[in-house]
Each structure stands twice: as structure tokens, then as C-alpha cells.
file target09.pdb (PDB, C-alpha atoms and all ligand atoms)
ATOM      1  CA  MET Z   1      81.258  50.506  78.571
ATOM      2  CA  LEU Z   2      84.678  51.352  79.896
ATOM      3  CA  THR Z   3      84.849  52.028  83.576
ATOM      4  CA  GLY Z   4      87.653  53.022  85.882
ATOM      5  CA  ALA Z   5      87.762  49.507  87.211
ATOM      6  CA  THR Z   6      88.360  48.222  83.688
ATOM      7  CA  LEU Z   7      91.282  50.546  83.058
ATOM      8  CA  GLN Z   8      92.805  50.419  86.491
ATOM      9  CA  GLU Z   9      96.001  48.486  86.818
ATOM     10  CA  ARG Z  10      95.455  45.070  88.367
ATOM     11  CA  ARG Z  11      98.259  43.355  90.210
ATOM     12  CA  ARG Z  12      98.778  40.019  91.877
ATOM     13  CA  CYS Z  13     101.128  38.842  94.563
ATOM     14  CA  PRO Z  14     103.045  35.841  93.188
ATOM     15  CA  ALA Z  15     103.729  34.583  96.697
ATOM     16  CA  CYS Z  16     100.119  34.585  97.973
ATOM     17  CA  GLY Z  17      98.292  34.614  94.665
ATOM     18  CA  ALA Z  18      96.187  37.446  96.041
ATOM     19  CA  GLY Z  19      94.915  40.264  93.860
ATOM     20  CA  THR Z  20      95.953  43.757  94.937
ATOM     21  CA  GLU Z  21      96.419  47.324  93.722
ATOM     22  CA  ARG Z  22      99.716  47.743  95.524
ATOM     23  CA  ALA Z  23     103.147  47.507  93.921
ATOM     24  CA  VAL Z  24     104.359  45.663  97.001
ATOM     25  CA  HIS Z  25     102.010  43.288  98.787
ATOM     26  CA  GLY Z  26     101.459  43.291 102.530
ATOM     27  CA  CYS Z  27     103.635  40.198 102.812
ATOM     28  CA  GLY Z  28     106.593  42.168 101.414
ATOM     29  CA  THR Z  29     106.590  40.524  97.984
ATOM     30  CA  ARG Z  30     106.693  42.725  94.905
ATOM     31  CA  THR Z  31     103.523  42.173  92.884
ATOM     32  CA  VAL Z  32     103.193  41.627  89.141
ATOM     33  CA  ARG Z  33     100.761  43.358  86.794
ATOM     34  CA  VAL Z  34      98.035  41.060  85.492
ATOM     35  CA  GLY Z  35      95.849  43.557  83.656
ATOM     36  CA  GLY Z  36      94.723  47.106  83.163
ATOM     37  CA  VAL Z  37      96.856  50.093  82.214
ATOM     38  CA  PRO Z  38     100.398  50.190  83.636
ATOM     39  CA  GLY Z  39     100.826  52.870  86.263
ATOM     40  CA  LEU Z  40      97.122  53.678  86.331
ATOM     41  CA  GLY Z  41      96.291  53.527  89.997
ATOM     42  CA  ASN Z  42      93.157  54.379  91.904
ATOM     43  CA  ASP Z  43      93.937  58.096  92.092
ATOM     44  CA  ALA Z  44      94.624  58.338  88.369
ATOM     45  CA  VAL Z  45      91.374  56.513  87.653
ATOM     46  CA  ASN Z  46      89.459  58.968  89.823
ATOM     47  CA  VAL Z  47      90.997  61.946  88.016
ATOM     48  CA  LEU Z  48      90.308  60.336  84.658
ATOM     49  CA  CYS Z  49      86.696  59.547  85.516
ATOM     50  CA  GLY Z  50      86.226  63.087  86.779
ATOM     51  CA  ALA Z  51      87.563  64.492  83.523
ATOM     52  CA  VAL Z  52      85.385  62.169  81.433
ATOM     53  CA  GLY Z  53      82.367  63.064  83.543
ATOM     54  CA  ALA Z  54      83.034  66.765  83.070
ATOM     55  CA  LEU Z  55      83.390  66.298  79.307
ATOM     56  CA  ALA Z  56      80.195  64.264  79.136
ATOM     57  CA  GLY Z  57      78.390  66.898  81.182
ATOM     58  CA  GLY Z  58      79.663  69.645  78.894
ATOM     59  CA  ALA Z  59      78.600  67.725  75.794
ATOM     60  CA  ALA Z  60      75.165  67.102  77.268
ATOM     61  CA  ALA Z  61      74.776  70.783  78.095
ATOM     62  CA  LEU Z  62      75.861  71.669  74.565
ATOM     63  CA  LEU Z  63      73.313  69.275  73.047
ATOM     64  CA  ALA Z  64      70.589  70.585  75.338
ATOM     65  CA  ALA Z  65      71.418  74.155  74.325
ATOM     66  CA  ARG Z  66      71.213  73.254  70.625
ATOM     67  CA  THR Z  67      67.994  71.317  70.787
ATOM     68  CA  GLY Z  68      66.351  73.518  73.352
TER      69      GLY Z  68
HETATM   70 ZN    ZN Z 101     101.631  38.419  99.290
END
call {"tool": "encode", "arguments": {"input": "target09.pdb", "output": "C-alpha cells"}}
result
Amino acid sequence: MLTGATLQERRRCPACGAGTERAVHGCGTRTVRVGGVPGLGNDAVNVLCGAVGALAGGAAALLAARTG
């Protein structure tokens, strides 16, 4: 199952080798993307998951209305 964590952009600081979500690491080095969807940060993931959750809820309600 796809989760926000799967889609979220993953970055790594080439200087420290540390994983991060930031475009620039705390040490001042620009990080490189190592996975996930480019530009998809934590906020975008939250919005996306909220939208998916709302759709799933709507579909469930629709199914319940049909069967009930
Ligand atoms: Zn660093």
C-alpha cells in the first residue's frame, strides 16, 4: 500500500551522508534527492493523504448507501 512516507521526497546530505527532508542540510550543504517524488514535501504529503482519505471516505459512504 502506498503511504505518504513512500511518496515523500527523500534527500541526503552528501557531506554528512545523513538522510533529511530539507533542501539544504543543517551543515549548510545542499542535499540531493535519493527517492520519492520530486518536490513532494511533508506538507504536500499531508494534503495528498487528506484528499485520499476524503475520497476513500466518500466511496465508503457511497457503498454503504448502496448496500444498505
Ligand atoms: Zn550535512
call {"tool": "resolve_selection", "arguments": {"input": "target09.pdb", "expression": "the PyMOL selection byres (((chain Z and resi 11-28) around 12) and not hetatm)", "output": "ChimeraX atom specification"}}
result
/Z:5,8-10,29-43
call {"tool": "atom_distance", "arguments": {"input": "target09.pdb", "atom1": "atom CA of Z:Ala60", "atom2": "atom CA of Z:Leu7"}}
result
23.8 Å
call {"tool": "residues_around", "arguments": {"input": "target09.pdb", "residues": "Z:Gly4", "least_positions_apart": "6", "cutoff": "9 Å", "atoms": "all atoms listed in the file", "output": "PyMOL selection string"}}
result
chain Z and resi 42+45-46+48-49
call {"tool": "atom_distance", "arguments": {"input": "target09.pdb", "atom1": "atom CA of Z:Arg66", "atom2": "atom CA of Z:Val52"}}
result
21.0 Å
call {"tool": "atom_distance", "arguments": {"input": "target09.pdb", "atom1": "atom CA of Z:Ala44", "atom2": "atom ZN of ligand ZN 101 (chain Z)"}}
result
23.8 Å
call {"tool": "axis_aligned_box", "arguments": {"input": "target09.pdb", "around": "stretch 13-27 of chain Z", "padding_each_side": "5 Å", "output": "lines of an AutoDock Vina configuration file"}}
result
center_x = 99.6
center_y = 41.2
center_z = 98.0
size_x = 19.4
size_y = 23.2
size_z = 19.6
call {"tool": "decode", "arguments": {"input": "target09.pdb", "residues": "chain Z", "atoms": "C-alpha atoms", "output": "tab-separated table (two decimals), in the first residue's frame"}}
result
chain	number	residue	atom	x	y	z
Z	1	MET	CA	0.00	0.00	0.00
Z	2	LEU	CA	1.22	3.45	-0.86
Z	3	THR	CA	1.71	5.76	2.05
Z	4	GLY	CA	2.79	9.35	2.33
Z	5	ALA	CA	6.16	8.21	3.53
Z	6	THR	CA	6.59	6.19	0.35
Z	7	LEU	CA	5.81	9.12	-1.92
Z	8	GLN	CA	7.54	11.80	0.06
Z	9	GLU	CA	10.74	13.13	-1.37
Z	10	ARG	CA	13.78	11.70	0.38
Z	11	ARG	CA	17.02	13.63	0.41
Z	12	ARG	CA	20.53	13.03	1.65
Z	13	CYS	CA	23.33	15.35	2.60
Z	14	PRO	CA	26.39	14.38	0.53
Z	15	ALA	CA	28.70	15.92	3.11
Z	16	CYS	CA	27.37	14.08	6.19
Z	17	GLY	CA	25.62	11.20	4.48
Z	18	ALA	CA	22.61	11.95	6.66
Z	19	GLY	CA	19.06	11.50	5.44
Z	20	THR	CA	16.88	14.60	5.59
Z	21	GLU	CA	13.75	16.22	4.16
Z	22	ARG	CA	15.41	19.60	3.77
Z	23	ALA	CA	16.77	21.03	0.53
Z	24	VAL	CA	19.71	22.41	2.48
Z	25	HIS	CA	21.11	20.42	5.39
Z	26	GLY	CA	21.85	21.90	8.79
Z	27	CYS	CA	25.54	21.88	7.95
Z	28	GLY	CA	24.88	24.27	5.04
Z	29	THR	CA	25.35	21.69	2.28
Z	30	ARG	CA	22.72	21.40	-0.42
Z	31	THR	CA	21.17	17.93	-0.28
Z	32	VAL	CA	20.48	15.56	-3.17
Z	33	ARG	CA	17.27	13.65	-3.82
Z	34	VAL	CA	17.60	9.91	-3.26
Z	35	GLY	CA	13.99	8.83	-3.67
Z	36	GLY	CA	10.34	9.70	-3.61
Z	37	VAL	CA	8.55	12.28	-5.73
Z	38	PRO	CA	10.48	15.47	-6.55
Z	39	GLY	CA	9.12	18.49	-4.74
Z	40	LEU	CA	6.74	16.42	-2.64
Z	41	GLY	CA	7.46	17.59	0.86
Z	42	ASN	CA	5.80	16.84	4.15
Z	43	ASP	CA	3.07	19.45	3.70
Z	44	ALA	CA	2.19	18.20	0.22
Z	45	VAL	CA	2.03	14.64	1.54
Z	46	ASN	CA	-0.35	15.71	4.30
Z	47	VAL	CA	-2.64	17.46	1.80
Z	48	LEU	CA	-2.49	14.46	-0.51
Z	49	CYS	CA	-3.27	11.99	2.26
Z	50	GLY	CA	-6.14	14.18	3.40
Z	51	ALA	CA	-7.58	14.23	-0.10
Z	52	VAL	CA	-7.18	10.46	-0.50
Z	53	GLY	CA	-8.77	9.91	2.90
Z	54	ALA	CA	-11.72	12.11	1.96
Z	55	LEU	CA	-12.16	10.24	-1.33
Z	56	ALA	CA	-11.97	6.88	0.42
Z	57	GLY	CA	-14.48	8.06	3.00
Z	58	GLY	CA	-16.83	9.26	0.27
Z	59	ALA	CA	-16.52	5.97	-1.61
Z	60	ALA	CA	-17.20	4.01	1.57
Z	61	ALA	CA	-20.27	6.12	2.30
Z	62	LEU	CA	-21.45	5.58	-1.27
Z	63	LEU	CA	-21.02	1.81	-0.98
Z	64	ALA	CA	-22.77	1.77	2.38
Z	65	ALA	CA	-25.68	3.74	0.91
Z	66	ARG	CA	-26.00	1.28	-1.99
Z	67	THR	CA	-25.81	-1.88	0.04
Z	68	GLY	CA	-27.75	-0.56	2.98
